[in-house]
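Below is one structure, written out as structure tokens, with a few remarks after it.
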Protein chains: 2
Amino acid sequence: MEKFLLDRLLRRLRQGGVKIRYWDGDERVYGPARPYLTIHYKSPAAVRGVIKNLSLGLGEGYMNGLIDFDGPIAKLIQLGDENTAAVAGFSLKALTSRPQRNHKSAQARQIQHHYDLGNDFYRLWLDRSLTYSCAYFATPADDLEAAQQHKLDHVLRKLQLQSGQRLLDIGSGWGGLLIAAAQRYGATGLGITLSREQLAGARQAAAKAGVADRVTFELMNYQDLAATSQRFDRIVSVGMYEHVGRHNHASYFAAVDRLLADGGLTVLHTISQQQELPNDPWIDRYIFPGGYLPTIAGTVAYATNHNFRLLDYENLRLHYALTLEAWLNRFESHSSQIKAMYDERFVRMWRFYLSVSAGSFRYGGLDLSQFVFSKGRRNDLPLTRDFLYQPDHEAL
Amino acid sequence: MEKFLLDRLLRRLRQGGVKIRYWDGDERVYGPARPYLTIHYKSPAAVRGVIKNLSLGLGEGYMNGLIDFDGPIAKLIQLGDENTAAVAGFSLKALTSRPQRNHKSAQARQIQHHYDLGNDFYRLWLDRSLTYSCAYFATPADDLEAAQQHKLDHVLRKLQLQSGQRLLDIGSGWGGLLIAAAQRYGATGLGITLSREQLAGARQAAAKAGVADRVTFELMNYQDLAATSQRFDRIVSVGMYEHVGRHNHASYFAAVDRLLADGGLTVLHTISQQQELPNDPWIDRYIFPGGYLPTIAGTVAYATNHNFRLLDYENLRLHYALTLEAWLNRFESHSSQIKAMYDERFVRMWRFYLSVSAGSFRYGGLDLSQFVFSKGRRNDLPLTRDFLYQPDHEAL
């Protein structure tokens with residue numbers, strides 16, 4: 001019965017291809033092209049899970065060892081994207097996510113779920129600056145370390161950061177961006193995070209870099225900071241907006257409006273999705289509870305409602321595919337160590353997350369969006385974007 | 001009575017300043033700052049017109065010689081932008097524009113109203129290529145001729161135009177962009193316009209440039225072209241989207257979707273407004289009937305609904321202020337000749353249009369937006385925007 005149902009669904013494939021291997025050794029190939037990968041179902045229950053909910057069924061089946069893949073997991077995304085009609089045949093009911101209200105207390109829990117896994121874990125597969133967001137590659141062959149430093153400079157250049165200016169980093173992670181801003185641009189600043197592990201790591205890194213007198217880090221929600229009298233010349237947020245939740249997109253810009261000096265610049269670096277879609281239920285349950293991926297149009301609408309003027313938008317979609325692929329490689333080279341720190345299920349969960357994320361940028365509907373806004377009009381900024389593309393990326 | 005009413009309204013100025021001179025020699029100064037300009041009311045009727053409808057009253061009053069200005073007319077926009085509460089005191093009822101339905105026959109009339117004024121007229125004050133849209137200035141001191149050629153290259157580079165590719169220019173004006181595409185990038189192409197004068201001028205210019213075998217021009221609506229089987233590798237539209245009307249914003253992208261090859265790139269260069277606002281009634285009545293200025297967010301939303309992926313957005317707001325200021329200077333240096341071709345009222349109308357437009361970019365809510373979209377995903381494009389900023393702008 002399970003085979004029969006899956007067979008009916010997979011016969012709808014119009015592009016690409018996939019091989020299915022069943023618990024009894026039975027193998028079937030679907031689609032007009034050479035199979036991208038093999039999905040190995042080890043039990044009828046695994047098939048039932050996938051038919052019931054494609055995303056949860058594949059993710060949980062893999063985590064629990066009821067499904068294996070031969071070939072790149074990322075290609076699942078390509079197959080899905082090329083065959084939306086076939087995908088629609090699977091039950092998508094559970095894809096409608098519950099109403100989201102990310103209150104402040106929930107936000108802290110949601111952030112800690114992911115980012116408090118332990119700095120030792122992230123040190124194994126992130127770059128040395130622990131920059132846990134899309135890097136910037138001059139070429140696909142760039143080393144991750146260089147690409148992350150290049151990204152920090154690309155963002156700080158977009159901010160047109162000048163010596164002596166005060167920079168706020170909302171969602172400051174392990175502090176790499178603020179430390180670079182202090183070291184290479186002479187800025188001072190504040191970083192806020194909801195992760196205790198990140199806070200400790202960032203303070204340590206700032207001290208080690210000798211800039212602890214110029215950049216400080218606090219465990220604080222941006223909404224609470226906006227209620228204080230603090231004001232900044234520049235505000236940056238890298239990979240945080242994905243966490244604020246659908247309900248808070250407008251109020252995020254209200255907070256930035258309060259925190260930013262008139263005429264100040266702000267850079268928003270965020271994953272975005274092409275269309276307004278519900279959360280992926282597996283990602284929401286296991287990886288980023290409470291997250292929501294904004295659309296580009298919605299983000300611009302919320303920003304312009306608060307008198308932010310869009311100066312520049314850049315889509316770095318393929319840079320995030322390259323970043324995730326680099327992370328996945330590093331993760332795999334430490335997988336036995338990570339298994340010892342956690343367990344096999346954790347390793348499989350994390351491999352599935354990194355893989356489908358890479359696939360979603362390379363083959364799916366996700367973009368990496370960098371927006372530059374000014375608060376109100378600024379008539380004294382450079383006329384062109386040439387300044388972003390000077391040969392020496394460190395000397396602004 | 002007129003003086004009393006105007007006095008009550010102008011006492012609300014909170015920023016900037018203006019001097020009012022009345023028909024009887026009476027002078028009053030309003031606002032906390034040095035007056036930006038003097039408004040000279042030559043009759044009580046002129047004041048009544050302004051109180052009744054600020055935009056129509058100022059524009060018609062000036063055209064008809066009932067109002068004069070000492071100082072830059074563009075500063076009216078700055079004063080208005082700085083004093084939105086005071087502006088709200090004027091009756092804005094007529095600002096609510098009538099429902100717009102730009103049917104094809106109406107569109108042709110609307111376009112001909114403006115662009116069929118005569119090529120001799122436009123030759124007096126545009127650059128030699130007759131590029132009637134925002135130029136691209138490396139520095140504010142750039143010559144208009146150089147800045148327009150630089151703009152054509154900037155747009156053609158954003159299109160990543162390659163030799164042998166077929167380019168469609170929707171709203172091709174006097175043909176400058178397609179001629180540059182053929183001459184400097186080896187492209188072939190089609191330009192469509194609804195202006196007979198532009199059509200004749202473009203064909204003449206292509207012949208003179210020796211590229212008439214590679215680029216052709218037709219009097220045609222983009223909707224009619226989309227109904228044919230023609231397809232293009234690249235589509236560009238510069239300064240046309242402002243004319244399609246609020247009602248056609250979605251169908252514009254449907255047409256581009258039909259006309260563009262899969263994976264093709266399209267550049268949309270358009271004026272946009274910060275917020276969704278009704279048309280300015282004076283501009284709508286005298287300059288651009290049926291136009292509507294899109295918002296950035298709305299444009300992205302319509303595009304993404306048709307599976308266009310936003311790759312790049314650049315705001316060239318101050319470039320359009322510089323362009324309009326250059327046009328105004330050239331216009332003024334030929335004003336007696338233009339008066340002989342038309343009449344004094346036409347000169348005043350056109351001066352007011354160029355002036356308030358320059359002011360709206362420099363001091364107001366208008367932006368000049370360049371969007372780059374791909375039709376669907378493209379994984380083989382350059383990773384970064386460095387290619388736009390190579391020293392030699394002509395050799396791609």
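Chain labels A, B, ... are given in the sequence in which chains occur in the structure tokens; within each chain residues are numbered consecutively from 1, and ligands are likewise numbered from 1 in the order shown.
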
Test item: chain B residues at most 8 Å from chain A, counting only C-alpha atoms, as a count of residues only: 32

- request: Could you give me, as a PyMOL selection string, each residue of segment 206-347 of chain B that DSSP assigns to helix (DSSP H, G or I) when run on this structure's backbone?
  value: chain B and resi 206-208+222-226+241-243+246-259+281-287+296-305+317-333+335-341+344-347

field: Surrounding residues of segment 41-49 of chain A excluding itself and chain neighbours under 2 positions, 10 Å, only C-alpha atoms, as number ranges by chain
entry: A: 1-3, 5-6, 20-25, 38-39, 51-62, 64-69

Let me see the file: selected residues, N, CA, C and O atoms, as a compact mmCIF listing (two decimals), in the first residue's frame.
```
# COMPACT_ATOMS: atom_id res chain seq x y z
N MET A 1 0.82 -1.22 0.00
CA MET A 1 0.00 0.00 0.00
C MET A 1 0.86 1.27 0.00
O MET A 1 0.65 2.19 -0.79
N GLU A 2 1.87 1.34 0.90
CA GLU A 2 2.73 2.52 0.96
C GLU A 2 3.45 2.70 -0.38
O GLU A 2 3.57 3.81 -0.88
N LYS A 3 3.95 1.58 -0.92
CA LYS A 3 4.65 1.65 -2.21
C LYS A 3 3.72 2.18 -3.29
O LYS A 3 4.10 3.00 -4.13
N LEU A 5 1.08 4.10 -3.03
CA LEU A 5 0.78 5.54 -2.89
C LEU A 5 1.96 6.40 -3.33
O LEU A 5 1.80 7.38 -4.06
N LEU A 6 3.14 6.03 -2.87
CA LEU A 6 4.32 6.81 -3.23
C LEU A 6 4.55 6.77 -4.75
O LEU A 6 4.90 7.76 -5.38
N ILE A 20 14.20 5.35 -5.79
CA ILE A 20 13.67 4.95 -4.49
C ILE A 20 14.12 3.52 -4.22
O ILE A 20 14.00 2.64 -5.09
N ARG A 21 14.66 3.29 -3.04
CA ARG A 21 15.01 1.93 -2.63
C ARG A 21 14.18 1.59 -1.40
O ARG A 21 14.13 2.39 -0.44
N TYR A 22 13.48 0.46 -1.43
CA TYR A 22 12.61 0.08 -0.32
C TYR A 22 13.30 -0.90 0.62
O TYR A 22 14.35 -1.46 0.30
N TRP A 23 12.67 -1.10 1.77
CA TRP A 23 13.18 -1.97 2.84
C TRP A 23 13.43 -3.40 2.35
O TRP A 23 14.28 -4.08 2.87
N ASP A 24 12.69 -3.77 1.29
CA ASP A 24 12.81 -5.15 0.82
C ASP A 24 13.77 -5.28 -0.36
O ASP A 24 13.85 -6.32 -1.00
N GLY A 25 14.54 -4.20 -0.65
CA GLY A 25 15.50 -4.26 -1.74
C GLY A 25 14.93 -3.81 -3.08
O GLY A 25 15.69 -3.57 -4.03
N THR A 38 19.36 8.91 -4.34
CA THR A 38 18.51 7.77 -3.97
C THR A 38 17.94 8.02 -2.57
O THR A 38 18.67 8.43 -1.66
N ILE A 39 16.64 7.79 -2.45
CA ILE A 39 16.01 7.85 -1.12
C ILE A 39 15.76 6.41 -0.69
O ILE A 39 15.08 5.65 -1.39
N ILE A 51 4.32 10.76 3.14
CA ILE A 51 3.05 11.04 2.46
C ILE A 51 2.20 11.97 3.31
O ILE A 51 1.53 12.86 2.82
N LYS A 52 2.29 11.77 4.62
CA LYS A 52 1.51 12.59 5.55
C LYS A 52 2.02 14.03 5.56
O LYS A 52 1.25 14.99 5.59
N ASN A 53 3.31 14.20 5.57
CA ASN A 53 3.89 15.55 5.56
C ASN A 53 5.29 15.45 4.99
O ASN A 53 6.20 14.92 5.62
N LEU A 54 5.45 15.99 3.80
CA LEU A 54 6.69 15.80 3.05
C LEU A 54 7.91 16.27 3.82
O LEU A 54 8.90 15.54 3.96
N SER A 55 7.85 17.49 4.35
CA SER A 55 9.01 18.07 5.02
C SER A 55 9.32 17.36 6.34
O SER A 55 10.43 16.91 6.58
N LEU A 56 8.29 17.24 7.19
CA LEU A 56 8.49 16.56 8.48
C LEU A 56 8.86 15.10 8.26
O LEU A 56 9.72 14.55 8.96
N GLY A 57 8.21 14.46 7.31
CA GLY A 57 8.44 13.04 7.07
C GLY A 57 9.87 12.77 6.63
O GLY A 57 10.51 11.83 7.13
N LEU A 58 10.38 13.57 5.71
CA LEU A 58 11.76 13.37 5.26
C LEU A 58 12.74 13.71 6.37
O LEU A 58 13.69 12.96 6.64
N GLY A 59 12.52 14.84 7.03
CA GLY A 59 13.45 15.30 8.06
C GLY A 59 13.48 14.36 9.24
O GLY A 59 14.56 13.92 9.68
N GLU A 60 12.32 14.02 9.76
CA GLU A 60 12.28 13.13 10.94
C GLU A 60 12.70 11.72 10.57
O GLU A 60 13.39 11.04 11.33
N GLY A 61 12.27 11.27 9.38
CA GLY A 61 12.67 9.94 8.92
C GLY A 61 14.19 9.82 8.86
O GLY A 61 14.78 8.83 9.32
N TYR A 62 14.84 10.86 8.34
CA TYR A 62 16.30 10.82 8.25
C TYR A 62 16.95 10.89 9.63
O TYR A 62 17.85 10.11 9.97
N ASN A 64 15.81 9.95 12.41
CA ASN A 64 15.58 8.74 13.20
C ASN A 64 16.12 7.48 12.53
O ASN A 64 15.88 6.39 13.03
N GLY A 65 16.79 7.66 11.41
CA GLY A 65 17.43 6.52 10.77
C GLY A 65 16.47 5.64 9.99
O GLY A 65 16.82 4.52 9.60
N LEU A 66 15.24 6.10 9.76
CA LEU A 66 14.28 5.32 8.97
C LEU A 66 14.40 5.62 7.48
O LEU A 66 13.81 4.94 6.65
N ILE A 67 15.12 6.69 7.17
CA ILE A 67 15.39 7.06 5.78
C ILE A 67 16.88 7.33 5.66
O ILE A 67 17.49 7.90 6.58
N ASP A 68 17.47 6.89 4.55
CA ASP A 68 18.86 7.28 4.22
C ASP A 68 18.87 7.87 2.83
O ASP A 68 17.97 7.62 2.03
N PHE A 69 19.90 8.63 2.57
CA PHE A 69 20.06 9.21 1.23
C PHE A 69 21.40 8.77 0.66
O PHE A 69 22.42 8.78 1.36
```

Nearby residues (only C-alpha atoms) at most 8 Å from segment 156-162 of chain A, same-chain spacing under 2 positions excluded, as a PyMOL selection string: chain A and resi 152-154+164-165+181+185-187+234+236+265-267+372+387-388+396

Given only C-alpha atoms as the counted atoms, nearest of B:Tyr320, B:Trp350, B:Tyr115, B:Phe232 to Ala255 of chain B: B:Phe232

query: Closest to Ala209 of chain A among A:Asn329, A:Gln110, A:Ser237, A:Gln183, using only C-alpha atoms?
result: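 Counting only C-alpha atoms, the residue closest to Ala209 of chain A is A:Gln183.
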
field: Computed interatomic separation between atom CA of Gln230 of chain A and atom CA of Leu259 of chain A (Å)
entry: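 Computing it gives 6.5 Å between the two atoms.
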
field: Selection: 12 Å around Ala227 of chain B, only C-alpha atoms, excl. self and same-chain fewer than 2 positions, as a list in words
entry: Met220, Asn221, Tyr222, Gln223, Asp224, Leu225, Ser229, Gln230, Arg231, Ala254, Ala255, Val256, Asp257, Arg258 and Leu259 of chain B

Could you write those residues out with N, CA and C atoms, as an mmCIF file, in the first residue's frame?
```
data_model
loop_
_atom_site.group_PDB
_atom_site.id
_atom_site.type_symbol
_atom_site.label_atom_id
_atom_site.label_comp_id
_atom_site.auth_asym_id
_atom_site.auth_seq_id
_atom_site.Cartn_x
_atom_site.Cartn_y
_atom_site.Cartn_z
ATOM 1 N N MET B 220 4.251 50.737 -31.241
ATOM 2 C CA MET B 220 3.538 49.568 -30.731
ATOM 3 C C MET B 220 3.460 49.589 -29.207
ATOM 4 N N ASN B 221 2.339 49.101 -28.704
ATOM 5 C CA ASN B 221 2.144 48.944 -27.269
ATOM 6 C C ASN B 221 2.775 47.620 -26.820
ATOM 7 N N TYR B 222 3.379 47.621 -25.627
ATOM 8 C CA TYR B 222 4.018 46.384 -25.149
ATOM 9 C C TYR B 222 3.008 45.254 -25.001
ATOM 10 N N GLN B 223 1.749 45.591 -24.736
ATOM 11 C CA GLN B 223 0.731 44.542 -24.599
ATOM 12 C C GLN B 223 0.469 43.853 -25.940
ATOM 13 N N ASP B 224 0.483 44.638 -27.021
ATOM 14 C CA ASP B 224 0.300 44.040 -28.346
ATOM 15 C C ASP B 224 1.505 43.182 -28.728
ATOM 16 N N LEU B 225 2.691 43.662 -28.383
ATOM 17 C CA LEU B 225 3.886 42.877 -28.700
ATOM 18 C C LEU B 225 3.862 41.538 -27.958
ATOM 19 N N SER B 229 4.562 36.207 -31.140
ATOM 20 C CA SER B 229 5.436 35.103 -30.722
ATOM 21 C C SER B 229 6.880 35.574 -30.513
ATOM 22 N N GLN B 230 7.099 36.863 -30.526
ATOM 23 C CA GLN B 230 8.472 37.353 -30.384
ATOM 24 C C GLN B 230 9.004 37.117 -28.966
ATOM 25 N N ARG B 231 10.271 36.746 -28.892
ATOM 26 C CA ARG B 231 10.929 36.531 -27.605
ATOM 27 C C ARG B 231 12.297 37.192 -27.626
ATOM 28 N N ALA B 254 3.447 40.665 -16.423
ATOM 29 C CA ALA B 254 2.952 39.508 -17.177
ATOM 30 C C ALA B 254 3.449 39.586 -18.619
ATOM 31 N N ALA B 255 3.434 40.783 -19.191
ATOM 32 C CA ALA B 255 3.901 40.950 -20.571
ATOM 33 C C ALA B 255 5.401 40.675 -20.670
ATOM 34 N N VAL B 256 6.169 41.210 -19.732
ATOM 35 C CA VAL B 256 7.625 40.969 -19.758
ATOM 36 C C VAL B 256 7.905 39.481 -19.590
ATOM 37 N N ASP B 257 7.116 38.838 -18.743
ATOM 38 C CA ASP B 257 7.270 37.394 -18.539
ATOM 39 C C ASP B 257 7.077 36.647 -19.858
ATOM 40 N N ARG B 258 6.069 37.033 -20.631
ATOM 41 C CA ARG B 258 5.836 36.354 -21.915
ATOM 42 C C ARG B 258 6.942 36.653 -22.923
ATOM 43 N N LEU B 259 7.474 37.878 -22.889
ATOM 44 C CA LEU B 259 8.394 38.323 -23.941
ATOM 45 C C LEU B 259 9.846 37.907 -23.687
#
```

task: List the neighbours of segment 244-246 of chain B out to 8 Å using only C-alpha atoms; skip same-chain residues closer than 2 positions along the sequence, and give me the result as a PyMOL selection string.
output: chain B and resi 100-102+107+240-242+248-249+252+290-294

Convert the current residue selection to file output with all heavy atoms, as a compact mmCIF listing (two decimals), in the first residue's frame.
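Saved file result20.txt follows:
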```txt
# COMPACT_ATOMS: atom_id res chain seq x y z
N GLN B 100 -7.96 55.46 -12.44
CA GLN B 100 -7.15 55.38 -13.65
C GLN B 100 -7.38 54.08 -14.37
O GLN B 100 -7.24 53.01 -13.80
CB GLN B 100 -5.68 55.42 -13.25
CG GLN B 100 -5.09 56.77 -13.25
CD GLN B 100 -3.59 56.60 -13.14
OE1 GLN B 100 -3.12 55.74 -12.42
NE2 GLN B 100 -2.86 57.41 -13.86
N ARG B 101 -7.70 54.15 -15.61
CA ARG B 101 -7.77 52.94 -16.45
C ARG B 101 -7.11 53.30 -17.76
O ARG B 101 -7.72 53.88 -18.64
CB ARG B 101 -9.22 52.55 -16.70
CG ARG B 101 -9.91 52.02 -15.45
CD ARG B 101 -10.47 50.65 -15.72
NE ARG B 101 -10.68 49.96 -14.44
CZ ARG B 101 -10.65 48.66 -14.33
NH1 ARG B 101 -10.40 47.90 -15.37
NH2 ARG B 101 -10.87 48.08 -13.17
N ASN B 102 -5.85 53.02 -17.85
CA ASN B 102 -5.12 53.40 -19.06
C ASN B 102 -5.30 52.34 -20.13
O ASN B 102 -4.48 51.45 -20.29
CB ASN B 102 -3.63 53.57 -18.77
CG ASN B 102 -3.39 54.68 -17.78
OD1 ASN B 102 -4.28 55.09 -17.06
ND2 ASN B 102 -2.17 55.19 -17.77
N GLN B 107 -3.59 55.33 -23.76
CA GLN B 107 -2.13 55.39 -23.56
C GLN B 107 -1.45 56.09 -24.72
O GLN B 107 -0.56 56.91 -24.52
CB GLN B 107 -1.56 53.98 -23.38
CG GLN B 107 -1.77 53.46 -21.96
CD GLN B 107 -1.07 52.15 -21.72
OE1 GLN B 107 -0.67 51.46 -22.66
NE2 GLN B 107 -0.93 51.80 -20.46
N MET B 240 9.51 54.46 -18.76
CA MET B 240 8.23 54.16 -19.39
C MET B 240 7.19 53.69 -18.39
O MET B 240 6.01 54.01 -18.49
CB MET B 240 8.46 53.10 -20.47
CG MET B 240 7.29 52.83 -21.41
SD MET B 240 5.82 52.03 -20.72
CE MET B 240 6.51 50.45 -20.23
N TYR B 241 7.65 52.93 -17.39
CA TYR B 241 6.74 52.33 -16.40
C TYR B 241 5.90 53.39 -15.68
O TYR B 241 4.78 53.11 -15.25
CB TYR B 241 7.60 51.54 -15.40
CG TYR B 241 6.88 50.61 -14.47
CD1 TYR B 241 6.23 49.48 -14.94
CD2 TYR B 241 6.88 50.83 -13.09
CE1 TYR B 241 5.58 48.60 -14.07
CE2 TYR B 241 6.24 49.96 -12.22
CZ TYR B 241 5.60 48.85 -12.71
OH TYR B 241 4.97 47.99 -11.84
N GLU B 242 6.41 54.60 -15.59
CA GLU B 242 5.67 55.71 -15.00
C GLU B 242 4.37 55.99 -15.77
O GLU B 242 3.46 56.63 -15.24
CB GLU B 242 6.51 57.00 -15.01
CG GLU B 242 7.82 56.93 -14.24
CD GLU B 242 8.99 56.46 -15.09
OE1 GLU B 242 8.77 55.60 -15.97
OE2 GLU B 242 10.11 56.93 -14.86
N ASN B 248 -2.15 48.95 -14.52
CA ASN B 248 -1.40 48.03 -15.39
C ASN B 248 -0.09 47.54 -14.81
O ASN B 248 0.68 46.88 -15.52
CB ASN B 248 -1.11 48.71 -16.74
CG ASN B 248 -2.38 48.92 -17.55
OD1 ASN B 248 -3.27 48.09 -17.53
ND2 ASN B 248 -2.47 50.05 -18.23
N HIS B 249 0.20 47.87 -13.56
CA HIS B 249 1.51 47.48 -13.01
C HIS B 249 1.69 45.97 -13.02
O HIS B 249 2.77 45.47 -13.34
CB HIS B 249 1.69 48.04 -11.60
CG HIS B 249 2.00 49.50 -11.58
ND1 HIS B 249 2.01 50.26 -10.44
CD2 HIS B 249 2.31 50.35 -12.58
CE1 HIS B 249 2.31 51.51 -10.75
NE2 HIS B 249 2.49 51.59 -12.03
N TYR B 252 2.01 44.62 -16.68
CA TYR B 252 3.31 44.92 -17.29
C TYR B 252 4.26 43.74 -17.09
O TYR B 252 4.92 43.28 -18.02
CB TYR B 252 3.92 46.20 -16.69
CG TYR B 252 5.35 46.41 -17.12
CD1 TYR B 252 5.64 46.98 -18.35
CD2 TYR B 252 6.41 46.00 -16.32
CE1 TYR B 252 6.96 47.15 -18.78
CE2 TYR B 252 7.73 46.17 -16.73
CZ TYR B 252 7.99 46.74 -17.95
OH TYR B 252 9.29 46.90 -18.37
N GLY B 290 -2.38 60.64 -17.16
CA GLY B 290 -2.49 59.18 -17.03
C GLY B 290 -1.29 58.50 -16.41
O GLY B 290 -1.29 57.28 -16.27
N GLY B 291 -0.27 59.27 -16.03
CA GLY B 291 0.88 58.63 -15.41
C GLY B 291 0.58 58.21 -13.99
O GLY B 291 -0.41 58.65 -13.39
N TYR B 292 1.41 57.34 -13.46
CA TYR B 292 1.30 57.01 -12.05
C TYR B 292 2.66 56.52 -11.56
O TYR B 292 3.24 55.61 -12.16
CB TYR B 292 0.24 55.93 -11.77
CG TYR B 292 0.03 55.77 -10.29
CD1 TYR B 292 -0.78 56.67 -9.60
CD2 TYR B 292 0.69 54.78 -9.57
CE1 TYR B 292 -0.94 56.58 -8.23
CE2 TYR B 292 0.54 54.68 -8.20
CZ TYR B 292 -0.28 55.58 -7.54
OH TYR B 292 -0.41 55.50 -6.18
N LEU B 293 3.13 57.10 -10.48
CA LEU B 293 4.45 56.73 -9.98
C LEU B 293 4.34 55.55 -9.03
O LEU B 293 3.66 55.61 -8.01
CB LEU B 293 5.09 57.93 -9.27
CG LEU B 293 5.27 59.15 -10.19
CD1 LEU B 293 5.92 60.29 -9.42
CD2 LEU B 293 6.10 58.79 -11.41
N PRO B 294 5.01 54.45 -9.36
CA PRO B 294 4.92 53.24 -8.54
C PRO B 294 5.70 53.39 -7.24
O PRO B 294 6.55 54.27 -7.11
CB PRO B 294 5.59 52.19 -9.42
CG PRO B 294 6.60 52.96 -10.21
CD PRO B 294 5.95 54.29 -10.49
```

field: Counting only C-alpha atoms, the residue of A:Leu277, A:Val87, A:Leu37, A:Leu194 that sits nearest Pro72 of chain A
entry: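 Closest to Pro72 of chain A of all the choices is A:Leu37.
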
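Take the candidates A:Glu344, A:Asp116, A:Asp7, A:Asp233 and check each one against Asp169 of chain A using only C-alpha atoms; the shortest distance goes to A:Asp233.
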
field: Non-local contacts of segment 76-78 of chain B (6 Å; only C-alpha atoms; under 3 positions in same chain excluded) as a ChimeraX atom specification
entry: /B:73,81,359-360,363

query: as an NGL selection string, which residues of segment 176-307 of chain A does DSSP assign to strand (DSSP E or B)?
result: :A and (188-193 or 215-219 or 232-238 or 260-273 or 295)

message: Using only C-alpha atoms for the distances, tell me which of A:Arg123, A:Ala340, A:Arg28, A:Leu190 is nearest to His40 of chain A.
response: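 Using only C-alpha atoms, His40 of chain A sits closest to A:Arg28.
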